[in-house]
Amino acid sequence: MEKRDWPVAEVIGTERLVLEPLRVDHAEELAPLLDDEALHEYIGGSPATPNELRERYRRQTAGRSPDGREGWLNWVVRHRDTGDAIGTVQATVRFDGDRPVAELAWVVVAPHQGRGYAGEAAAGMVGWLAEQGIGALVAHVHPDHRASARVAERLGLRATDDMVDGEVRWAAP
């Protein structure tokens with residue numbers, strides 16, 4: 001894969017979920033869903049209003065990898081049966097020399113937490129990335145967030161001694 005030849009995200013299906021590539025128009029649907037004070041605190045930001053979140057998503061989706069050096073792939077996670085948006089998964093693909101490395105992130109919002117959806121969505125995304133030739137994975141997990149650590153373990157990642165912005169770097173052994 002050339003550094004500027006990024007794959008276009010596709011719809012990914014899992015047993016209970018459907019992952020749709022994030023588009024600007026998803027901002028209206030996701031902003032109120034992600035307007036969760038605990039979530040903002042976890043990611044190190046201050047609580048944002050739904051309008052601020054909509055604008056953030058619009059900017060992020062409109063500005064995807066404009067220079068070709070970084071690929072930002074983000075999917076909306078939907079429950080297969082209801083169609084409800086329950087979170088997002090994303091991969092930021094960078095190059096370590098000639099090797100593409102995906103930095104992973106996931107979030108499932110209340111009341112959908114604790115059902116294994118984050119792990120299922122992340123595993124679906126990682127499978128798709130592997131099909132694209134992107135097998136090197138890393139994630140950053142808050143040291144006190146056991147659920148995210150379980151997702152990282154499910155993906156085959158292991159905690160390292162490296163800390164990035166207060167989070168533990170997890171990587172494939």
# chains A, B, ... in the order shown; residues from 1 in each chain; ligands from 1

call {"tool": "residues_around", "arguments": {"residues": "A:Ala172", "least_positions_apart": "6", "cutoff": "12 Å", "atoms": "only C-alpha atoms", "output": "PyMOL selection string"}}
result
chain A and resi 101-104+135-139+152-160

call {"tool": "select_by_dssp", "arguments": {"residues": "stretch 76-146 of chain A", "states": "strand (DSSP E)", "output": "ChimeraX atom specification"}}
result
/A:76-79,85-96,99-108,136-141

call {"tool": "write_last_selection", "arguments": {"atoms": "C-alpha atoms", "output": "compact mmCIF listing (two decimals), in the first residue's frame"}}
result
# COMPACT_ATOMS: atom_id res chain seq x y z
CA VAL A 76 -20.33 4.33 13.58
CA VAL A 77 -21.24 1.22 15.59
CA ARG A 78 -24.91 0.24 15.22
CA HIS A 79 -26.88 -2.52 16.85
CA ALA A 85 -25.99 4.06 17.01
CA ILE A 86 -24.23 2.86 20.16
CA GLY A 87 -20.66 4.12 19.67
CA THR A 88 -17.70 4.44 17.35
CA VAL A 89 -14.47 2.62 16.52
CA GLN A 90 -11.55 4.20 14.75
CA ALA A 91 -8.09 3.56 13.44
CA THR A 92 -5.52 6.23 12.70
CA VAL A 93 -3.03 4.70 10.28
CA ARG A 94 0.52 6.05 10.28
CA PHE A 95 3.70 4.71 8.79
CA ASP A 96 6.66 3.40 10.76
CA ARG A 99 5.08 -0.43 7.64
CA PRO A 100 1.53 0.86 8.25
CA VAL A 101 0.58 0.92 11.94
CA ALA A 102 -3.01 1.41 13.11
CA GLU A 103 -3.64 3.24 16.37
CA LEU A 104 -7.00 2.00 17.63
CA ALA A 105 -9.75 3.63 19.66
CA TRP A 106 -13.28 2.59 20.58
CA VAL A 107 -16.19 3.83 22.63
CA VAL A 108 -19.59 2.37 23.39
CA ALA A 136 0.57 -3.68 13.21
CA LEU A 137 -1.69 -2.38 15.98
CA VAL A 138 -1.39 -0.13 19.01
CA ALA A 139 -3.90 1.33 21.45
CA HIS A 140 -3.71 3.68 24.42
CA VAL A 141 -5.73 2.65 27.46

call {"tool": "closest_residue", "arguments": {"among": "A:Glu20, A:Glu167, A:Asp98, A:Gly114", "to": "A:Gly133", "atoms": "only C-alpha atoms"}}
result
A:Asp98

call {"tool": "atom_distance", "arguments": {"atom1": "atom CA of A:Val151", "atom2": "atom CA of A:Trp170"}}
result
10.8 Å

call {"tool": "residues_around", "arguments": {"residues": "A:Gly13", "least_positions_apart": "4", "cutoff": "9 Å", "atoms": "only C-alpha atoms", "output": "tab-separated table (two decimals) with N, CA and C atoms, in the first residue's frame"}}
result
chain	number	residue	atom	x	y	z
A	17	LEU	N	-23.57	-6.50	15.37
A	17	LEU	CA	-23.34	-5.10	15.04
A	17	LEU	C	-23.14	-4.87	13.56
A	18	VAL	N	-23.36	-3.64	13.14
A	18	VAL	CA	-22.99	-3.16	11.82
A	18	VAL	C	-22.17	-1.91	12.02
A	19	LEU	N	-21.00	-1.86	11.37
A	19	LEU	CA	-20.13	-0.69	11.45
A	19	LEU	C	-20.22	0.03	10.11
A	20	GLU	N	-20.67	1.29	10.16
A	20	GLU	CA	-20.79	2.12	8.96
A	20	GLU	C	-19.69	3.16	8.94
A	80	ARG	N	-27.28	-4.31	15.26
A	80	ARG	CA	-27.81	-4.92	14.04
A	80	ARG	C	-29.35	-4.98	14.06
A	121	ALA	N	-16.98	-4.84	18.10
A	121	ALA	CA	-16.78	-3.81	17.07
A	121	ALA	C	-15.29	-3.66	16.73
A	124	GLY	N	-14.06	-6.58	14.70
A	124	GLY	CA	-14.49	-6.46	13.30
A	124	GLY	C	-13.63	-5.47	12.54

call {"tool": "atom_distance", "arguments": {"atom1": "atom CA of A:Asp162", "atom2": "atom CA of A:Pro143"}}
result
11.5 Å

call {"tool": "closest_residue", "arguments": {"among": "A:Trp72, A:Arg169, A:Gly83, A:His112", "to": "A:Ala149", "atoms": "only C-alpha atoms"}}
result
A:Arg169

call {"tool": "select_by_dssp", "arguments": {"residues": "stretch 100-133 of chain A", "states": "alpha helix (DSSP H)", "output": "PyMOL selection string"}}
result
chain A and resi 117-131

call {"tool": "atom_distance", "arguments": {"atom1": "atom CA of A:Arg16", "atom2": "atom CA of A:Tyr117"}}
result
8.0 Å
